[in-house]
file protein32.csv (CSV, C-alpha atoms and all ligand atoms)
chain,number,residue,atom,x,y,z
A,443,MET,CA,-2.5,4.0,17.1
A,444,ILE,CA,-4.5,5.9,14.5
A,445,LEU,CA,-2.2,6.9,11.6
A,446,LEU,CA,-2.8,10.3,10.0
A,447,ASN,CA,0.4,10.2,8.1
A,448,PRO,CA,0.6,9.5,4.3
A,449,GLY,CA,1.6,5.8,4.6
A,450,PRO,CA,2.1,3.3,6.2
A,451,VAL,CA,-1.7,3.3,6.8
A,452,ASN,CA,-4.0,1.5,9.2
A,453,VAL,CA,-5.2,-1.7,7.5
A,454,SER,CA,-8.4,-3.7,8.2
A,455,GLU,CA,-8.2,-6.9,10.3
A,456,ARG,CA,-9.0,-8.8,7.1
A,457,VAL,CA,-5.9,-7.5,5.4
A,458,ARG,CA,-3.8,-8.1,8.5
A,459,LYS,CA,-5.0,-11.7,8.8
A,460,ALA,CA,-3.9,-12.4,5.2
A,461,LEU,CA,-0.3,-12.1,6.4
A,462,GLN,CA,-0.7,-15.5,8.1
A,463,ARG,CA,-1.5,-17.6,5.1
A,464,PRO,CA,0.8,-20.6,4.5
A,465,ASP,CA,4.5,-20.2,3.8
A,466,ILE,CA,5.1,-20.8,0.0
A,467,CYS,CA,8.0,-20.9,-2.4
A,468,HIS,CA,7.9,-18.3,-5.1
A,469,ARG,CA,9.0,-20.8,-7.7
A,470,GLU,CA,5.8,-22.9,-7.1
A,471,SER,CA,2.4,-22.7,-8.6
A,472,GLU,CA,0.8,-21.2,-5.5
A,473,PHE,CA,2.9,-18.1,-6.1
A,474,ALA,CA,2.1,-18.0,-9.8
A,475,GLU,CA,-1.6,-17.8,-8.8
A,476,LEU,CA,-1.0,-15.1,-6.2
A,477,ILE,CA,0.9,-12.8,-8.5
A,478,GLN,CA,-1.4,-13.3,-11.5
A,479,GLY,CA,-4.3,-12.5,-9.2
A,480,ILE,CA,-2.7,-9.3,-8.0
A,481,ARG,CA,-1.8,-8.2,-11.5
A,482,GLN,CA,-5.3,-8.8,-12.9
A,483,LYS,CA,-6.9,-7.0,-9.9
A,484,LEU,CA,-4.6,-4.0,-10.4
A,485,LEU,CA,-5.7,-3.7,-14.0
A,486,LYS,CA,-9.4,-4.2,-13.1
A,487,ALA,CA,-9.1,-1.4,-10.5
A,488,PHE,CA,-7.1,1.2,-12.4
A,489,VAL,CA,-7.6,0.6,-16.2
A,490,PRO,CA,-11.2,-0.8,-16.2
A,491,GLY,CA,-12.3,-1.6,-19.8
A,492,ALA,CA,-8.7,-1.3,-21.1
A,493,GLU,CA,-7.2,-4.3,-19.3
A,494,SER,CA,-5.9,-5.7,-22.5
A,495,ASP,CA,-3.9,-2.5,-23.3
A,496,TYR,CA,-2.0,-2.4,-20.1
A,497,THR,CA,0.1,-4.7,-18.0
A,498,ALA,CA,0.9,-4.5,-14.3
A,499,VAL,CA,4.4,-5.3,-13.0
A,500,VAL,CA,4.7,-6.0,-9.3
A,501,LEU,CA,7.9,-5.6,-7.3
A,502,THR,CA,9.2,-5.8,-3.8
A,503,GLY,CA,10.2,-2.4,-2.5
A,504,SER,CA,8.4,0.7,-1.3
A,505,GLY,CA,6.8,3.2,-3.7
A,506,THR,CA,10.1,4.8,-4.5
A,507,ALA,CA,11.3,1.5,-6.0
A,508,ALA,CA,8.4,1.5,-8.5
A,509,VAL,CA,9.0,5.2,-9.4
A,510,GLU,CA,12.7,4.5,-9.9
A,511,ALA,CA,12.0,1.4,-12.0
A,512,ALA,CA,9.6,3.3,-14.3
A,513,LEU,CA,12.1,6.1,-14.8
A,514,LEU,CA,15.2,3.9,-15.3
A,515,SER,CA,13.4,1.6,-17.8
A,516,SER,CA,11.9,4.4,-19.9
A,517,LEU,CA,15.0,5.8,-21.7
A,518,PRO,CA,16.6,4.8,-25.0
A,519,THR,CA,20.3,5.7,-25.3
A,520,GLY,CA,21.0,9.5,-25.7
A,521,LYS,CA,17.5,10.6,-24.7
A,522,ARG,CA,16.4,12.7,-21.8
A,523,ILE,CA,13.7,13.0,-19.2
A,524,LEU,CA,11.9,16.3,-18.5
A,525,VAL,CA,10.7,16.5,-14.9
A,526,LEU,CA,7.8,18.7,-13.7
A,527,ASN,CA,8.9,19.5,-10.2
A,528,ASN,CA,6.6,21.2,-7.7
A,529,GLY,CA,7.4,19.4,-4.5
A,530,VAL,CA,9.6,16.9,-2.6
A,531,TYR,CA,8.6,13.9,-4.7
A,532,GLY,CA,9.1,15.8,-8.0
A,533,GLU,CA,12.5,16.8,-6.6
A,534,ARG,CA,13.2,13.1,-5.8
A,535,ILE,CA,12.4,12.2,-9.4
A,536,SER,CA,15.0,14.7,-10.6
A,537,ALA,CA,17.5,13.3,-8.1
A,538,MET,CA,17.0,9.7,-9.3
A,539,VAL,CA,17.5,10.5,-12.9
A,540,GLY,CA,20.6,12.6,-11.9
A,541,VAL,CA,22.2,9.8,-9.7
A,542,HIS,CA,22.1,7.4,-12.7
A,543,ARG,CA,23.6,10.2,-14.9
A,544,LEU,CA,20.7,10.0,-17.3
A,545,GLY,CA,20.0,13.4,-18.8
A,546,VAL,CA,17.6,15.4,-16.8
A,547,ALA,CA,15.9,18.7,-17.6
A,548,GLU,CA,13.5,20.3,-15.1
A,549,PHE,CA,10.6,22.7,-14.8
A,550,LYS,CA,10.9,23.8,-11.3
A,551,LEU,CA,7.9,25.4,-9.8
A,552,ASP,CA,6.9,26.8,-6.4
A,553,TRP,CA,5.5,24.2,-4.1
A,554,GLY,CA,2.0,25.6,-4.3
A,555,ALA,CA,2.0,26.1,-8.1
A,556,ARG,CA,0.8,23.8,-10.9
A,557,PRO,CA,2.7,23.2,-14.2
A,558,ASP,CA,1.4,25.1,-17.3
A,559,PRO,CA,0.6,22.7,-20.1
A,560,GLU,CA,1.3,25.3,-22.8
A,561,LYS,CA,4.8,25.9,-21.5
A,562,LEU,CA,5.4,22.2,-21.6
A,563,ARG,CA,4.2,22.1,-25.2
A,564,LEU,CA,6.7,24.8,-26.3
A,565,ALA,CA,9.5,23.1,-24.4
A,566,LEU,CA,8.8,19.7,-26.0
A,567,ARG,CA,8.7,21.3,-29.5
A,568,GLN,CA,12.1,22.8,-28.9
A,569,HIS,CA,13.7,19.8,-27.3
A,570,PRO,CA,13.5,16.7,-29.5
A,571,GLU,CA,16.0,14.9,-27.2
A,572,VAL,CA,13.3,14.8,-24.4
A,573,HIS,CA,11.8,11.3,-24.7
A,574,ALA,CA,9.9,11.1,-21.4
A,575,VAL,CA,8.0,13.6,-19.2
A,576,ALA,CA,7.7,12.7,-15.5
A,577,MET,CA,5.3,14.2,-13.0
A,578,VAL,CA,3.7,13.5,-9.6
A,579,HIS,CA,-0.1,13.0,-9.5
A,580,HIS,CA,-0.7,13.8,-5.9
A,581,GLU,CA,2.3,15.9,-4.5
A,582,THR,CA,2.2,14.7,-1.0
A,583,THR,CA,4.5,17.5,0.1
A,584,THR,CA,1.5,19.8,0.3
A,585,GLY,CA,-1.5,17.6,-0.8
A,586,LEU,CA,-1.6,19.2,-4.2
A,587,ILE,CA,-3.3,17.5,-7.2
A,588,ASN,CA,-1.4,18.2,-10.5
A,589,PRO,CA,-3.3,18.7,-13.8
A,590,VAL,CA,-2.7,15.2,-15.1
A,591,ARG,CA,-5.2,15.2,-17.9
A,592,GLU,CA,-4.0,18.5,-19.4
A,593,ILE,CA,-0.3,17.5,-19.1
A,594,ALA,CA,-1.0,14.0,-20.5
A,595,GLU,CA,-2.8,15.6,-23.5
A,596,VAL,CA,0.3,17.6,-24.3
A,597,VAL,CA,2.7,14.7,-23.8
A,598,ASP,CA,0.6,12.5,-26.0
A,599,SER,CA,0.1,15.0,-28.8
A,600,GLN,CA,3.9,15.5,-28.9
A,601,ASN,CA,4.5,11.8,-29.0
A,602,ARG,CA,6.4,11.5,-25.8
A,603,VAL,CA,6.2,9.1,-22.9
A,604,PHE,CA,4.4,10.2,-19.7
A,605,VAL,CA,5.7,8.6,-16.5
A,606,LEU,CA,3.4,9.4,-13.6
A,607,ASP,CA,4.2,8.9,-9.9
A,608,SER,CA,0.7,8.2,-8.5
A,609,VAL,CA,2.0,6.5,-5.3
A,610,SER,CA,-0.2,8.6,-3.1
A,611,GLY,CA,-2.9,9.2,-5.8
A,612,LEU,CA,-4.2,5.8,-6.9
A,613,ALA,CA,-7.5,4.8,-5.1
A,614,GLY,CA,-7.5,8.3,-3.5
A,615,ASP,CA,-8.1,10.7,-6.3
A,616,PRO,CA,-9.6,10.1,-9.7
A,617,LEU,CA,-7.2,9.1,-12.5
A,618,ASP,CA,-8.2,8.0,-16.0
A,619,ILE,CA,-5.0,6.3,-17.1
A,620,ALA,CA,-6.2,4.6,-20.2
A,621,GLY,CA,-8.4,7.6,-21.3
A,622,ALA,CA,-5.4,9.9,-21.0
A,623,HIS,CA,-3.0,7.5,-22.7
A,624,ILE,CA,-0.6,7.5,-19.9
A,625,TYR,CA,2.3,5.1,-20.6
A,626,MET,CA,3.5,4.4,-17.1
A,627,VAL,CA,2.0,4.9,-13.6
A,628,ALA,CA,3.8,3.9,-10.4
A,629,GLY,CA,1.9,3.0,-7.3
A,630,THR,CA,2.2,1.3,-3.9
A,631,ALA,CA,0.2,-1.2,-1.8
A,632,GLY,CA,0.8,0.8,1.3
A,633,LYS,CA,-1.2,4.1,0.8
A,634,CYS,CA,-4.8,4.5,-0.5
A,635,ILE,CA,-4.9,0.8,-1.5
A,636,GLN,CA,-4.8,0.0,2.2
A,637,GLY,CA,-2.2,-2.8,2.2
A,638,PHE,CA,1.2,-2.9,3.9
A,639,PRO,CA,4.3,-1.2,2.7
A,640,GLY,CA,6.8,-3.4,0.8
A,641,ALA,CA,5.0,-4.1,-2.4
A,642,SER,CA,4.8,-1.7,-5.2
A,643,PHE,CA,3.9,-1.8,-8.9
A,644,VAL,CA,4.0,0.0,-12.3
A,645,LEU,CA,1.1,0.0,-14.7
A,646,VAL,CA,2.5,0.1,-18.2
A,647,ARG,CA,0.9,0.4,-21.7
A,648,LYS,CA,1.7,-3.0,-23.4
A,649,GLY,CA,3.0,-1.5,-26.6
A,650,PHE,CA,5.5,0.6,-24.6
A,651,MET,CA,6.6,-2.4,-22.6
A,652,GLU,CA,7.5,-4.0,-25.9
A,653,ARG,CA,9.6,-1.0,-26.9
A,654,MET,CA,11.3,-0.9,-23.5
A,655,LYS,CA,12.7,-4.4,-24.1
A,656,SER,CA,15.2,-2.9,-26.5
A,657,TYR,CA,16.3,0.0,-24.2
A,658,PRO,CA,19.5,-0.2,-22.2
A,659,LYS,CA,19.4,-1.6,-18.7
A,660,HIS,CA,20.2,1.1,-16.1
A,661,SER,CA,19.6,-1.0,-13.0
A,662,TRP,CA,19.8,-4.7,-12.2
A,663,TYR,CA,17.0,-4.8,-9.6
A,664,LEU,CA,14.7,-2.3,-11.2
A,665,HIS,CA,14.6,-3.2,-14.9
A,666,LEU,CA,10.9,-3.5,-15.8
A,667,PRO,CA,11.1,-5.7,-18.9
A,668,HIS,CA,12.9,-8.3,-16.8
A,669,TYR,CA,10.0,-8.4,-14.3
A,670,TYR,CA,7.5,-8.4,-17.1
A,671,GLU,CA,8.9,-11.4,-18.8
A,672,ASP,CA,9.1,-13.4,-15.6
A,673,GLU,CA,5.7,-12.3,-14.4
A,674,GLU,CA,4.0,-13.2,-17.6
A,675,ARG,CA,5.1,-16.8,-16.8
A,676,GLY,CA,3.8,-16.5,-13.2
A,677,SER,CA,7.2,-16.0,-11.7
A,678,ILE,CA,9.3,-13.0,-10.5
A,679,PRO,CA,13.1,-12.3,-10.8
A,680,PHE,CA,14.0,-11.9,-7.1
A,681,THR,CA,12.7,-13.2,-3.8
A,682,PRO,CA,9.4,-11.4,-3.2
A,683,ALA,CA,7.9,-10.3,0.1
A,684,VAL,CA,5.4,-13.1,-0.1
A,685,GLN,CA,3.4,-12.3,3.0
A,686,VAL,CA,3.1,-8.7,2.1
A,687,TYR,CA,1.8,-9.8,-1.3
A,688,TYR,CA,-0.9,-11.9,0.4
A,689,ALA,CA,-2.0,-8.8,2.2
A,690,PHE,CA,-1.8,-6.8,-1.0
A,691,ASP,CA,-4.0,-9.3,-2.7
A,692,GLU,CA,-6.6,-9.1,0.1
A,693,ALA,CA,-6.4,-5.2,0.1
A,694,LEU,CA,-7.2,-5.4,-3.7
A,695,ASN,CA,-10.2,-7.7,-3.0
A,696,GLU,CA,-11.4,-5.1,-0.5
A,697,LEU,CA,-10.8,-2.3,-2.9
A,698,LEU,CA,-12.7,-4.0,-5.7
A,699,GLU,CA,-15.6,-4.9,-3.4
A,700,GLU,CA,-15.9,-1.3,-2.2
A,701,GLY,CA,-15.3,0.0,-5.7
A,702,VAL,CA,-12.6,2.5,-6.6
A,703,ALA,CA,-15.1,5.3,-7.1
A,704,ASN,CA,-16.6,4.6,-3.7
A,705,ARG,CA,-13.2,4.5,-2.1
A,706,ILE,CA,-12.4,7.9,-3.6
A,707,GLN,CA,-15.7,9.3,-2.3
A,708,ARG,CA,-15.1,7.9,1.2
A,709,LEU,CA,-11.7,9.6,1.3
A,710,LYS,CA,-13.2,12.8,0.0
A,711,LYS,CA,-15.8,12.7,2.7
A,712,ALA,CA,-13.2,12.1,5.4
A,713,ALA,CA,-11.1,15.0,4.1
A,714,THR,CA,-14.1,17.3,3.9
A,715,LEU,CA,-15.0,16.5,7.5
A,716,ILE,CA,-11.4,17.3,8.7
A,717,ARG,CA,-11.3,20.5,6.6
A,718,LYS,CA,-14.6,21.8,7.9
A,719,ARG,CA,-13.8,21.2,11.5
A,720,MET,CA,-10.2,22.4,11.3
A,721,SER,CA,-11.4,25.6,9.7
A,722,ALA,CA,-13.9,26.0,12.6
A,723,MET,CA,-10.9,25.7,14.9
A,724,GLY,CA,-9.2,28.5,13.1
A,725,LEU,CA,-6.6,26.5,11.2
A,726,LYS,CA,-5.4,27.8,7.8
A,727,PRO,CA,-4.8,25.3,5.0
A,728,VAL,CA,-1.6,25.8,2.9
A,729,LEU,CA,-3.4,25.2,-0.5
A,730,PRO,CA,-6.6,26.7,-2.0
A,731,SER,CA,-9.4,24.1,-1.9
A,732,GLU,CA,-9.4,23.6,-5.7
A,733,PHE,CA,-5.8,22.2,-5.5
A,734,GLN,CA,-6.4,19.8,-2.6
A,735,SER,CA,-6.3,16.1,-2.9
A,736,ASN,CA,-8.8,13.8,-1.2
A,737,SER,CA,-6.3,12.1,1.1
A,738,LEU,CA,-4.1,14.8,2.7
A,739,THR,CA,-4.4,18.4,4.0
A,740,SER,CA,-1.5,20.6,5.0
A,741,TYR,CA,-2.0,23.3,7.5
A,742,TYR,CA,0.0,26.2,8.9
A,743,LEU,CA,1.0,25.6,12.5
A,744,PRO,CA,-1.2,27.6,14.8
A,745,SER,CA,0.7,30.4,16.6
A,746,GLY,CA,1.9,29.3,20.1
A,747,LEU,CA,2.5,25.7,19.0
A,748,THR,CA,5.6,24.0,17.5
A,749,TYR,CA,5.2,20.9,15.4
A,750,GLU,CA,6.9,18.8,18.2
A,751,MET,CA,4.4,20.0,20.8
A,752,LEU,CA,1.4,19.4,18.6
A,753,HIS,CA,2.7,16.0,17.5
A,754,ASP,CA,3.6,14.8,21.0
A,755,HIS,CA,0.3,15.9,22.6
A,756,LEU,CA,-1.7,14.2,19.8
A,757,LYS,CA,0.4,11.1,20.0
A,758,GLN,CA,-0.2,10.8,23.7
A,759,ARG,CA,-3.9,10.7,22.8
A,760,GLY,CA,-3.3,8.0,20.2
A,761,TYR,CA,-3.1,10.0,16.9
A,762,VAL,CA,0.0,10.4,14.6
A,763,ILE,CA,0.2,13.4,12.4
A,764,TYR,CA,3.0,14.2,9.9
A,765,ALA,CA,5.6,17.0,9.7
A,766,GLY,CA,6.2,19.3,6.7
A,767,GLN,CA,9.3,18.6,4.6
A,768,GLY,CA,12.0,20.8,3.2
A,769,GLN,CA,11.4,24.6,3.3
A,770,LEU,CA,7.9,24.0,4.8
A,771,GLU,CA,9.2,21.9,7.7
A,772,PRO,CA,9.2,24.7,10.3
A,773,LYS,CA,5.8,26.1,9.2
A,774,ILE,CA,3.3,23.4,8.6
A,775,PHE,CA,1.9,20.0,9.6
A,776,ARG,CA,0.0,17.5,7.6
A,777,VAL,CA,-3.0,15.4,8.2
A,778,ALA,CA,-3.6,12.4,5.9
A,779,ASN,CA,-6.8,10.5,5.9
A,780,MET,CA,-5.7,7.4,3.9
A,781,GLY,CA,-6.3,3.9,5.3
A,782,ALA,CA,-9.0,1.9,7.0
A,783,LEU,CA,-10.2,4.8,9.2
A,784,THR,CA,-13.8,5.0,10.5
A,785,GLU,CA,-15.8,8.2,11.1
A,786,GLN,CA,-15.3,7.5,14.8
A,787,ASP,CA,-11.5,7.5,14.4
A,788,LEU,CA,-11.7,10.9,12.7
A,789,GLU,CA,-14.1,12.3,15.3
A,790,GLY,CA,-11.7,11.1,18.0
A,791,PHE,CA,-8.8,12.8,16.3
A,792,LEU,CA,-10.7,16.1,15.9
A,793,ALA,CA,-11.8,16.1,19.5
A,794,ALA,CA,-8.2,15.4,20.6
A,795,PHE,CA,-7.0,18.3,18.4
A,796,GLN,CA,-9.5,20.7,20.0
A,797,GLU,CA,-8.4,19.5,23.4
A,798,VAL,CA,-4.7,20.2,22.5
A,799,LEU,CA,-5.6,23.7,21.3
A,800,ASP,CA,-7.6,24.4,24.4
A,801,THR,CA,-5.1,23.2,26.9
A,802,VAL,CA,-1.6,23.5,25.3
A,803,VAL,CA,-1.5,26.7,23.2
A,804,VAL,CA,0.4,29.5,24.9
A,805,ARG,CA,-1.8,32.5,24.3
A,806,PRO,CA,-0.1,35.9,24.6
A,901,LIG,C1,4.9,8.1,-0.5
A,901,LIG,C2,5.3,8.6,-1.8
A,901,LIG,C3,6.3,8.0,-2.6
A,901,LIG,C4,7.1,6.8,-2.2
A,901,LIG,O1,7.4,6.6,-0.9
A,901,LIG,P1,7.9,5.3,-0.3
A,901,LIG,O2,8.3,5.8,1.1
A,901,LIG,O3,9.1,4.8,-1.1
A,901,LIG,O4,6.8,4.3,-0.3
A,901,LIG,C5,6.5,8.5,-3.9
A,901,LIG,N1,5.8,9.5,-4.3
A,901,LIG,C6,4.8,10.1,-3.7
A,901,LIG,C7,4.1,11.2,-4.3
A,901,LIG,C8,4.5,9.7,-2.4
A,901,LIG,O5,3.6,10.2,-1.7
call {"tool": "encode", "arguments": {"input": "protein32.csv", "output": "structure tokens", "more": "lines below"}}
Ligand SMILES: *Cc1c(COP(=O)(O)O)cnc(C)c1O
result
Amino acid sequence: MILLNPGPVNVSERVRKALQRPDICHRESEFAELIQGIRQKLLKAFVPGAESDYTAVVLTGSGTAAVEAALLSSLPTGKRILVLNNGVYGERISAMVGVHRLGVAEFKLDWGARPDPEKLRLALRQHPEVHAVAMVHHETTTGLINPVREIAEVVDSQNRVFVLDSVSGLAGDPLDIAGAHIYMVAGTAGKCIQGFPGASFVLVRKGFMERMKSYPKHSWYLHLPHYYEDEERGSIPFTPAVQVYYAFDEALNELLEEGVANRIQRLKKAATLIRKRMSAMGLKPVLPSEFQSNSLTSYYLPSGLTYEMLHDHLKQRGYVIYAGQGQLEPKIFRVANMGALTEQDLEGFLAAFQEVLDTVVVRP
């Protein structure tokens, strides 16, 4: 099955084979080697040249676990988080902070709009109780890239902490974490890194990790300083998904061999092919092209087709697309191009799509 959903993704045979390495105990030196390798490779891939300023914390759980760990670990007593919310994942950040009864304030925007850095600057000046600002890099709801650099500049100039959910952004769209002084970035093995779901991570500025050690613990499983202290010694607090980590390590080897910039270009090329051909088939994208990410495109459903019909006919032909979420659910569908996909896979999908349009659409 060819997966055109935003994770889990198709992986290479090389990554799949890594699952079969020997059984090991996570309290042994073999695991210490594995986790230190993963952490170093993450830094090499995502903060090149600034590896000594950042640390990578790896945990077992999907991307949401990494986002929640970053948020819950980032707050001293009595302080609040301001969430820039323009999609399902921004919404989820607000909900997480709310569920733990940590103070949340929110800039809620339309799902096709981007946050205004100057409005943020004013809000931060007026609200000294806001300690951290949280935003999503690639809002997978629509495929929108948020203005990370501009927002990071404001957060940094106002001496606040920027927490970025780049679960669907890392290795797909450019992100200069060190250059923009971003304190925390959450990611996952199972999207553009092309590993399996189940392993996720947070990249943290080292100085901030030291500060977080004195912050109150809001979660037992998701407290980052706890992971950091153990991982610095080559260990981990809780039983990790060892086999998934093997595959994660191999996916990082593949990523570093390909080069992050080349990976990003490959995804961009795939998205461009999909967009050109879908446009020729008469499909309308939800976002203007300057807002679109390299790894996902959302389209309005063509008239005469429900999502279920489109999905089922494509699935019969071996391709899985993705539904819209929330208010966009009845109106759109999404096509992701993350994962180890070849040009042949994409051509096959586009031909199948054309065939469905030609044979299934009920024309008035
Ligand atoms: C996929 C995704 C997540 C986390 O999803 P999981 O299902 O927990 O892996 C978080 N944020 C964004 C922007 C995502 O695309």
call {"tool": "closest_residue", "arguments": {"input": "protein32.csv", "among": "A:Leu501, A:Leu617, A:Val530, A:Ala713", "to": "ligand LIG 901 (chain A)", "atoms": "all atoms listed in the file"}}
result
A:Val530
call {"tool": "closest_atom_pairs", "arguments": {"input": "protein32.csv", "of": "chain A", "to": "ligand LIG 901 (chain A)", "cutoff": "7 Å", "atoms": "all atoms listed in the file", "output": "JSON lines"}}
result
{"residue": "A:Pro448", "atom": "CA", "partner": "A:LIG901", "partner_atom": "C1", "distance": 6.6}
{"residue": "A:Gly449", "atom": "CA", "partner": "A:LIG901", "partner_atom": "C1", "distance": 6.5}
{"residue": "A:Ser504", "atom": "CA", "partner": "A:LIG901", "partner_atom": "O4", "distance": 4.1}
{"residue": "A:Gly505", "atom": "CA", "partner": "A:LIG901", "partner_atom": "O4", "distance": 3.6}
{"residue": "A:Thr506", "atom": "CA", "partner": "A:LIG901", "partner_atom": "O3", "distance": 3.5}
{"residue": "A:Ala507", "atom": "CA", "partner": "A:LIG901", "partner_atom": "O3", "distance": 6.3}
{"residue": "A:Val509", "atom": "CA", "partner": "A:LIG901", "partner_atom": "C5", "distance": 6.9}
{"residue": "A:Tyr531", "atom": "CA", "partner": "A:LIG901", "partner_atom": "N1", "distance": 5.2}
{"residue": "A:Val578", "atom": "CA", "partner": "A:LIG901", "partner_atom": "C7", "distance": 5.8}
{"residue": "A:His579", "atom": "CA", "partner": "A:LIG901", "partner_atom": "C7", "distance": 6.9}
{"residue": "A:His580", "atom": "CA", "partner": "A:LIG901", "partner_atom": "C7", "distance": 5.7}
{"residue": "A:Glu581", "atom": "CA", "partner": "A:LIG901", "partner_atom": "C7", "distance": 5.0}
{"residue": "A:Thr582", "atom": "CA", "partner": "A:LIG901", "partner_atom": "O5", "distance": 4.8}
{"residue": "A:Asp607", "atom": "CA", "partner": "A:LIG901", "partner_atom": "N1", "distance": 5.9}
{"residue": "A:Ser608", "atom": "CA", "partner": "A:LIG901", "partner_atom": "C7", "distance": 6.2}
{"residue": "A:Val609", "atom": "CA", "partner": "A:LIG901", "partner_atom": "C6", "distance": 4.8}
{"residue": "A:Ser610", "atom": "CA", "partner": "A:LIG901", "partner_atom": "O5", "distance": 4.4}
{"residue": "A:Thr630", "atom": "CA", "partner": "A:LIG901", "partner_atom": "O4", "distance": 6.6}
{"residue": "A:Pro639", "atom": "CA", "partner": "A:LIG901", "partner_atom": "O4", "distance": 6.7}
call {"tool": "atom_distance", "arguments": {"input": "protein32.csv", "atom1": "atom CA of A:Gly540", "atom2": "atom CA of A:Ala622"}}
result
27.7 Å
call {"tool": "residues_around", "arguments": {"input": "protein32.csv", "residues": "A:Val728", "least_positions_apart": "6", "cutoff": "10 Å", "atoms": "all atoms listed in the file", "output": "list in words"}}
result
Gly554, Thr584, Gly585, Leu586, Gln734, Thr739, Ser740, Tyr741, Tyr742, Leu743, Leu770, Lys773, Ile774, Phe775 and Arg776 of chain A
call {"tool": "closest_residue", "arguments": {"input": "protein32.csv", "among": "A:Leu666, A:Leu738, A:Met654, A:Met751", "to": "A:Glu510", "atoms": "only C-alpha atoms"}}
result
A:Leu666
call {"tool": "closest_residue", "arguments": {"input": "protein32.csv", "among": "A:Thr519, A:Thr502, A:Thr801, A:Gln478", "to": "A:Pro658", "atoms": "only C-alpha atoms"}}
result
A:Thr519
call {"tool": "residues_around", "arguments": {"input": "protein32.csv", "residues": "A:Glu692", "least_positions_apart": "2", "cutoff": "8 Å", "atoms": "only C-alpha atoms", "output": "ChimeraX atom specification"}}
result
/A:456-457,460,637,688-690,694-696
call {"tool": "atom_distance", "arguments": {"input": "protein32.csv", "atom1": "atom CA of A:Ser516", "atom2": "atom CA of A:Phe650"}}
result
8.8 Å
call {"tool": "atom_distance", "arguments": {"input": "protein32.csv", "atom1": "atom CA of A:Phe680", "atom2": "atom CA of A:Ile477"}}
result
13.2 Å
call {"tool": "residues_around", "arguments": {"input": "protein32.csv", "residues": "A:Tyr496", "least_positions_apart": "6", "cutoff": "8 Å", "atoms": "all atoms listed in the file", "output": "NGL selection string"}}
result
:A and (485 or 489 or 645-648)
call {"tool": "closest_residue", "arguments": {"input": "protein32.csv", "among": "A:Asp754, A:Asp615, A:Glu571, A:Asp552", "to": "A:Phe795", "atoms": "only C-alpha atoms"}}
result
A:Asp754
call {"tool": "residues_near_point", "arguments": {"input": "protein32.csv", "point": "(-8.7, 5.0, 2.9)", "cutoff": "9 Å", "atoms": "all atoms listed in the file", "output": "PDB file with C-alpha atoms, in the coordinates of the input"}}
result
ATOM      1  CA  VAL A 451      -1.700   3.300   6.800  1.00  0.00           C
ATOM      2  CA  ASN A 452      -4.000   1.500   9.200  1.00  0.00           C
ATOM      3  CA  VAL A 453      -5.200  -1.700   7.500  1.00  0.00           C
ATOM      4  CA  ALA A 613      -7.500   4.800  -5.100  1.00  0.00           C
ATOM      5  CA  GLY A 614      -7.500   8.300  -3.500  1.00  0.00           C
ATOM      6  CA  LYS A 633      -1.200   4.100   0.800  1.00  0.00           C
ATOM      7  CA  CYS A 634      -4.800   4.500  -0.500  1.00  0.00           C
ATOM      8  CA  ILE A 635      -4.900   0.800  -1.500  1.00  0.00           C
ATOM      9  CA  GLN A 636      -4.800   0.000   2.200  1.00  0.00           C
ATOM     10  CA  ARG A 705     -13.200   4.500  -2.100  1.00  0.00           C
ATOM     11  CA  ILE A 706     -12.400   7.900  -3.600  1.00  0.00           C
ATOM     12  CA  ARG A 708     -15.100   7.900   1.200  1.00  0.00           C
ATOM     13  CA  LEU A 709     -11.700   9.600   1.300  1.00  0.00           C
ATOM     14  CA  ALA A 712     -13.200  12.100   5.400  1.00  0.00           C
ATOM     15  CA  SER A 737      -6.300  12.100   1.100  1.00  0.00           C
ATOM     16  CA  ASN A 779      -6.800  10.500   5.900  1.00  0.00           C
ATOM     17  CA  MET A 780      -5.700   7.400   3.900  1.00  0.00           C
ATOM     18  CA  GLY A 781      -6.300   3.900   5.300  1.00  0.00           C
ATOM     19  CA  ALA A 782      -9.000   1.900   7.000  1.00  0.00           C
ATOM     20  CA  LEU A 783     -10.200   4.800   9.200  1.00  0.00           C
TER      21      LEU A 783
END
call {"tool": "closest_residue", "arguments": {"input": "protein32.csv", "among": "A:Pro570, A:Ala511, A:Leu564, A:Val575", "to": "A:Ile523", "atoms": "all atoms listed in the file"}}
result
A:Val575
call {"tool": "closest_residue", "arguments": {"input": "protein32.csv", "among": "A:Met626, A:Phe473, A:Asn447, A:Met577", "to": "A:Gly529", "atoms": "all atoms listed in the file"}}
result
A:Met577
call {"tool": "residues_around", "arguments": {"input": "protein32.csv", "residues": "A:His542", "least_positions_apart": "5", "cutoff": "10 Å", "atoms": "all atoms listed in the file", "output": "CSV table (one decimal) with C-alpha atoms, in the coordinates of the input"}}
result
chain,number,residue,atom,x,y,z
A,514,LEU,CA,15.2,3.9,-15.3
A,537,ALA,CA,17.5,13.3,-8.1
A,660,HIS,CA,20.2,1.1,-16.1
A,661,SER,CA,19.6,-1.0,-13.0
call {"tool": "residues_around", "arguments": {"input": "protein32.csv", "residues": "A:Arg602", "least_positions_apart": "6", "cutoff": "12 Å", "atoms": "all atoms listed in the file", "output": "number ranges by chain"}}
result
A: 516-517, 521-524, 562-563, 566-567, 569-576, 593-596, 623-626, 650
